[in-house]
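> Input: one structure, supplied below.
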Amino acid sequence: MTDKNLIIHVRFAPDGTVFEIGERPSALTAQQWFTKLSEKAGNAFESLSGGRGVFRLSRDEIESMKATVLQ
């Protein structure tokens, strides 16, 4: 079922920096992972209230981005 979208949750600090994000490779900070996701799939991001947001991506897209980042 790789065609289903996964939701990556993002939480922002009051100053706009990212302090928590899902599916993050351990080699990256939360801010670095958010930046990489935004560069590759910014159109999949949805901002929410309360300093939160989500990326809606397929498992294949996430795995591909992780592989690219870790090379």
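Following the order of the structure tokens, chains are lettered A, B, ..., residues in each are numbered from 1, and ligands are numbered from 1.
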Applying 12 Å and only C-alpha atoms, which residues near Pro14 (chain A) remain after dropping the ones on its own chain fewer than 3 positions away? List them as a PDB file with all heavy atoms, in the first residue's frame.

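Output below, filename selection.pdb:
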```pdb
ATOM      1  N   ARG A  11       6.007  20.757  14.175  1.00  0.00           N
ATOM      2  CA  ARG A  11       5.681  21.728  15.224  1.00  0.00           C
ATOM      3  C   ARG A  11       6.729  22.827  15.204  1.00  0.00           C
ATOM      4  O   ARG A  11       7.924  22.553  15.154  1.00  0.00           O
ATOM      5  CB  ARG A  11       5.645  21.055  16.591  1.00  0.00           C
ATOM      6  CG  ARG A  11       4.462  20.088  16.687  1.00  0.00           C
ATOM      7  CD  ARG A  11       4.331  19.461  18.034  1.00  0.00           C
ATOM      8  NE  ARG A  11       4.151  20.482  19.046  1.00  0.00           N
ATOM      9  CZ  ARG A  11       4.363  20.271  20.331  1.00  0.00           C
ATOM     10  NH1 ARG A  11       4.765  19.103  20.759  1.00  0.00           N
ATOM     11  NH2 ARG A  11       4.175  21.241  21.206  1.00  0.00           N
ATOM     12  N   THR A  17      11.083  28.620  13.999  1.00  0.00           N
ATOM     13  CA  THR A  17      11.959  27.480  13.734  1.00  0.00           C
ATOM     14  C   THR A  17      11.215  26.185  14.043  1.00  0.00           C
ATOM     15  O   THR A  17      10.263  26.152  14.813  1.00  0.00           O
ATOM     16  CB  THR A  17      13.244  27.538  14.585  1.00  0.00           C
ATOM     17  OG1 THR A  17      12.882  27.558  15.971  1.00  0.00           O
ATOM     18  CG2 THR A  17      14.075  28.757  14.238  1.00  0.00           C
ATOM     19  N   VAL A  18      11.668  25.120  13.426  1.00  0.00           N
ATOM     20  CA  VAL A  18      11.052  23.806  13.621  1.00  0.00           C
ATOM     21  C   VAL A  18      11.728  23.134  14.806  1.00  0.00           C
ATOM     22  O   VAL A  18      12.949  23.053  14.865  1.00  0.00           O
ATOM     23  CB  VAL A  18      11.220  22.940  12.356  1.00  0.00           C
ATOM     24  CG1 VAL A  18      10.671  21.543  12.578  1.00  0.00           C
ATOM     25  CG2 VAL A  18      10.551  23.602  11.172  1.00  0.00           C
ATOM     26  N   PHE A  19      10.924  22.660  15.756  1.00  0.00           N
ATOM     27  CA  PHE A  19      11.544  21.932  16.866  1.00  0.00           C
ATOM     28  C   PHE A  19      11.098  20.486  16.943  1.00  0.00           C
ATOM     29  O   PHE A  19      11.666  19.702  17.695  1.00  0.00           O
ATOM     30  CB  PHE A  19      11.350  22.665  18.206  1.00  0.00           C
ATOM     31  CG  PHE A  19       9.962  22.655  18.763  1.00  0.00           C
ATOM     32  CD1 PHE A  19       9.535  21.642  19.591  1.00  0.00           C
ATOM     33  CD2 PHE A  19       9.091  23.680  18.477  1.00  0.00           C
ATOM     34  CE1 PHE A  19       8.257  21.637  20.114  1.00  0.00           C
ATOM     35  CE2 PHE A  19       7.807  23.696  19.001  1.00  0.00           C
ATOM     36  CZ  PHE A  19       7.394  22.668  19.826  1.00  0.00           C
ATOM     37  N   GLY A  50      -1.933  27.016  15.597  1.00  0.00           N
ATOM     38  CA  GLY A  50      -1.203  26.609  16.797  1.00  0.00           C
ATOM     39  C   GLY A  50       0.251  26.261  16.563  1.00  0.00           C
ATOM     40  O   GLY A  50       0.817  25.464  17.316  1.00  0.00           O
ATOM     41  N   GLY A  51       0.860  26.812  15.527  1.00  0.00           N
ATOM     42  CA  GLY A  51       2.269  26.535  15.272  1.00  0.00           C
ATOM     43  C   GLY A  51       2.537  25.123  14.779  1.00  0.00           C
ATOM     44  O   GLY A  51       3.549  24.519  15.107  1.00  0.00           O
ATOM     45  N   ARG A  52       1.625  24.608  13.986  1.00  0.00           N
ATOM     46  CA  ARG A  52       1.749  23.244  13.472  1.00  0.00           C
ATOM     47  C   ARG A  52       1.560  23.225  11.970  1.00  0.00           C
ATOM     48  O   ARG A  52       1.066  24.167  11.372  1.00  0.00           O
ATOM     49  CB  ARG A  52       0.699  22.328  14.112  1.00  0.00           C
ATOM     50  CG  ARG A  52       0.757  22.243  15.606  1.00  0.00           C
ATOM     51  CD  ARG A  52      -0.432  21.501  16.211  1.00  0.00           C
ATOM     52  NE  ARG A  52      -1.682  22.167  15.869  1.00  0.00           N
ATOM     53  CZ  ARG A  52      -2.714  21.584  15.260  1.00  0.00           C
ATOM     54  NH1 ARG A  52      -2.661  20.319  14.920  1.00  0.00           N
ATOM     55  NH2 ARG A  52      -3.807  22.259  14.976  1.00  0.00           N
TER      56      ARG A  52
END
```
> Report as a ChimeraX atom specification all protein, DNA and RNA residues lying within 12 Å of Glu39 (chain A), evaluated on only C-alpha atoms, omitting residues in the same chain fewer than 6 positions from it.
/A:32-33,45,65,69
> Which of these residues is nearest to Glu61 (chain A), using only C-alpha atoms: A:Ala27, A:Leu48, A:Leu37, A:Val10?
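Among the listed residues, the smallest separation from Glu61 (chain A) belongs to A:Leu37.
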> Taking 5 positions as the minimum chain separation for residues in the same chain, which residues sit within 10 Å of Lys36 (chain A) when counting only C-alpha atoms? Answer as a list in words.
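Those residues are Leu28, Gln31, Ala41, Gly42, Met65, Lys66, Thr68 and Val69 of chain A.
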> Apply DSSP to the backbone of this structure and, from chain A, keep only the residues in strand (DSSP E or B); write these as a PyMOL selection string.
chain A and resi 5-12+18-21+45-48+52-58
> For the selection just defined, write its residues with N, CA, C and O atoms to a file, as a PDB file, in the first residue's frame.

```
ATOM      1  N   ASN A   5      -1.050   8.151   1.213  1.00  0.00           N
ATOM      2  CA  ASN A   5      -0.284   9.257   1.765  1.00  0.00           C
ATOM      3  C   ASN A   5      -0.037   9.060   3.249  1.00  0.00           C
ATOM      4  O   ASN A   5      -0.900   8.567   3.974  1.00  0.00           O
ATOM      5  N   LEU A   6       1.134   9.449   3.665  1.00  0.00           N
ATOM      6  CA  LEU A   6       1.472   9.494   5.079  1.00  0.00           C
ATOM      7  C   LEU A   6       1.468  10.955   5.492  1.00  0.00           C
ATOM      8  O   LEU A   6       1.690  11.843   4.676  1.00  0.00           O
ATOM      9  N   ILE A   7       1.265  11.195   6.749  1.00  0.00           N
ATOM     10  CA  ILE A   7       1.260  12.561   7.261  1.00  0.00           C
ATOM     11  C   ILE A   7       2.480  12.736   8.150  1.00  0.00           C
ATOM     12  O   ILE A   7       2.670  11.988   9.109  1.00  0.00           O
ATOM     13  N   ILE A   8       3.297  13.724   7.818  1.00  0.00           N
ATOM     14  CA  ILE A   8       4.453  14.083   8.631  1.00  0.00           C
ATOM     15  C   ILE A   8       4.076  15.349   9.392  1.00  0.00           C
ATOM     16  O   ILE A   8       3.855  16.403   8.795  1.00  0.00           O
ATOM     17  N   HIS A   9       4.001  15.245  10.696  1.00  0.00           N
ATOM     18  CA  HIS A   9       3.615  16.370  11.537  1.00  0.00           C
ATOM     19  C   HIS A   9       4.826  17.250  11.826  1.00  0.00           C
ATOM     20  O   HIS A   9       5.925  16.753  12.077  1.00  0.00           O
ATOM     21  N   VAL A  10       4.599  18.567  11.818  1.00  0.00           N
ATOM     22  CA  VAL A  10       5.640  19.554  12.105  1.00  0.00           C
ATOM     23  C   VAL A  10       5.140  20.470  13.211  1.00  0.00           C
ATOM     24  O   VAL A  10       3.982  20.898  13.180  1.00  0.00           O
ATOM     25  N   ARG A  11       6.007  20.757  14.175  1.00  0.00           N
ATOM     26  CA  ARG A  11       5.681  21.728  15.224  1.00  0.00           C
ATOM     27  C   ARG A  11       6.729  22.827  15.204  1.00  0.00           C
ATOM     28  O   ARG A  11       7.924  22.553  15.154  1.00  0.00           O
ATOM     29  N   PHE A  12       6.244  24.060  15.239  1.00  0.00           N
ATOM     30  CA  PHE A  12       7.111  25.228  15.166  1.00  0.00           C
ATOM     31  C   PHE A  12       7.221  25.911  16.526  1.00  0.00           C
ATOM     32  O   PHE A  12       6.261  25.952  17.292  1.00  0.00           O
ATOM     33  N   VAL A  18      11.668  25.120  13.426  1.00  0.00           N
ATOM     34  CA  VAL A  18      11.052  23.806  13.621  1.00  0.00           C
ATOM     35  C   VAL A  18      11.728  23.134  14.806  1.00  0.00           C
ATOM     36  O   VAL A  18      12.949  23.053  14.865  1.00  0.00           O
ATOM     37  N   PHE A  19      10.924  22.660  15.756  1.00  0.00           N
ATOM     38  CA  PHE A  19      11.544  21.932  16.866  1.00  0.00           C
ATOM     39  C   PHE A  19      11.098  20.486  16.943  1.00  0.00           C
ATOM     40  O   PHE A  19      11.666  19.702  17.695  1.00  0.00           O
ATOM     41  N   GLU A  20      10.125  20.102  16.126  1.00  0.00           N
ATOM     42  CA  GLU A  20       9.699  18.705  16.090  1.00  0.00           C
ATOM     43  C   GLU A  20       9.115  18.395  14.722  1.00  0.00           C
ATOM     44  O   GLU A  20       8.327  19.169  14.179  1.00  0.00           O
ATOM     45  N   ILE A  21       9.536  17.247  14.152  1.00  0.00           N
ATOM     46  CA  ILE A  21       9.029  16.833  12.844  1.00  0.00           C
ATOM     47  C   ILE A  21       9.140  15.317  12.749  1.00  0.00           C
ATOM     48  O   ILE A  21      10.099  14.718  13.231  1.00  0.00           O
ATOM     49  N   PHE A  45       2.843  20.632   1.670  1.00  0.00           N
ATOM     50  CA  PHE A  45       2.765  21.144   3.036  1.00  0.00           C
ATOM     51  C   PHE A  45       1.471  21.909   3.254  1.00  0.00           C
ATOM     52  O   PHE A  45       1.038  22.677   2.399  1.00  0.00           O
ATOM     53  N   GLU A  46       0.881  21.686   4.402  1.00  0.00           N
ATOM     54  CA  GLU A  46      -0.336  22.399   4.798  1.00  0.00           C
ATOM     55  C   GLU A  46      -0.107  22.993   6.186  1.00  0.00           C
ATOM     56  O   GLU A  46       0.187  22.258   7.133  1.00  0.00           O
ATOM     57  N   SER A  47      -0.196  24.300   6.293  1.00  0.00           N
ATOM     58  CA  SER A  47      -0.030  24.927   7.610  1.00  0.00           C
ATOM     59  C   SER A  47      -1.330  24.815   8.392  1.00  0.00           C
ATOM     60  O   SER A  47      -2.429  24.871   7.833  1.00  0.00           O
ATOM     61  N   LEU A  48      -1.179  24.617   9.685  1.00  0.00           N
ATOM     62  CA  LEU A  48      -2.311  24.488  10.591  1.00  0.00           C
ATOM     63  C   LEU A  48      -2.188  25.541  11.687  1.00  0.00           C
ATOM     64  O   LEU A  48      -1.149  26.188  11.817  1.00  0.00           O
ATOM     65  N   ARG A  52       1.625  24.608  13.986  1.00  0.00           N
ATOM     66  CA  ARG A  52       1.749  23.244  13.472  1.00  0.00           C
ATOM     67  C   ARG A  52       1.560  23.225  11.970  1.00  0.00           C
ATOM     68  O   ARG A  52       1.066  24.167  11.372  1.00  0.00           O
ATOM     69  N   GLY A  53       1.947  22.120  11.367  1.00  0.00           N
ATOM     70  CA  GLY A  53       1.728  21.901   9.951  1.00  0.00           C
ATOM     71  C   GLY A  53       1.927  20.440   9.625  1.00  0.00           C
ATOM     72  O   GLY A  53       2.386  19.665  10.467  1.00  0.00           O
ATOM     73  N   VAL A  54       1.575  20.047   8.402  1.00  0.00           N
ATOM     74  CA  VAL A  54       1.737  18.661   7.979  1.00  0.00           C
ATOM     75  C   VAL A  54       2.188  18.603   6.518  1.00  0.00           C
ATOM     76  O   VAL A  54       1.841  19.462   5.715  1.00  0.00           O
ATOM     77  N   PHE A  55       2.989  17.611   6.223  1.00  0.00           N
ATOM     78  CA  PHE A  55       3.300  17.228   4.850  1.00  0.00           C
ATOM     79  C   PHE A  55       2.503  15.962   4.573  1.00  0.00           C
ATOM     80  O   PHE A  55       2.469  15.052   5.406  1.00  0.00           O
ATOM     81  N   ARG A  56       1.866  15.885   3.414  1.00  0.00           N
ATOM     82  CA  ARG A  56       1.140  14.682   3.001  1.00  0.00           C
ATOM     83  C   ARG A  56       1.873  14.113   1.794  1.00  0.00           C
ATOM     84  O   ARG A  56       1.795  14.654   0.696  1.00  0.00           O
ATOM     85  N   LEU A  57       2.591  13.012   2.033  1.00  0.00           N
ATOM     86  CA  LEU A  57       3.423  12.395   1.002  1.00  0.00           C
ATOM     87  C   LEU A  57       3.237  10.891   1.023  1.00  0.00           C
ATOM     88  O   LEU A  57       2.869  10.310   2.043  1.00  0.00           O
ATOM     89  N   SER A  58       3.539  10.254  -0.094  1.00  0.00           N
ATOM     90  CA  SER A  58       3.481   8.790  -0.132  1.00  0.00           C
ATOM     91  C   SER A  58       4.726   8.226   0.550  1.00  0.00           C
ATOM     92  O   SER A  58       5.752   8.901   0.688  1.00  0.00           O
TER      93      SER A  58
END
```
> Among chain A, which ones does DSSP place in helix (DSSP H, G or I), written as a list of chain:residue names?
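Here is the list: A:Ala30, A:Gln31, A:Gln32, A:Trp33, A:Phe34, A:Thr35, A:Lys36, A:Leu37, A:Ser38, A:Glu39, A:Lys40, A:Ala41, A:Gly42, A:Asn43, A:Ala44, A:Arg59, A:Asp60, A:Glu61, A:Ile62, A:Glu63, A:Ser64, A:Met65, A:Lys66, A:Ala67, A:Thr68, A:Val69.
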> Compare A:Pro25, A:Ala30, A:Ala44, A:Ser49 by their minimum atom-to-atom distance to Leu70 (chain A), counting only C-alpha atoms, and give me the closest one.
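Result for the nearest residue to Leu70 (chain A): A:Pro25.
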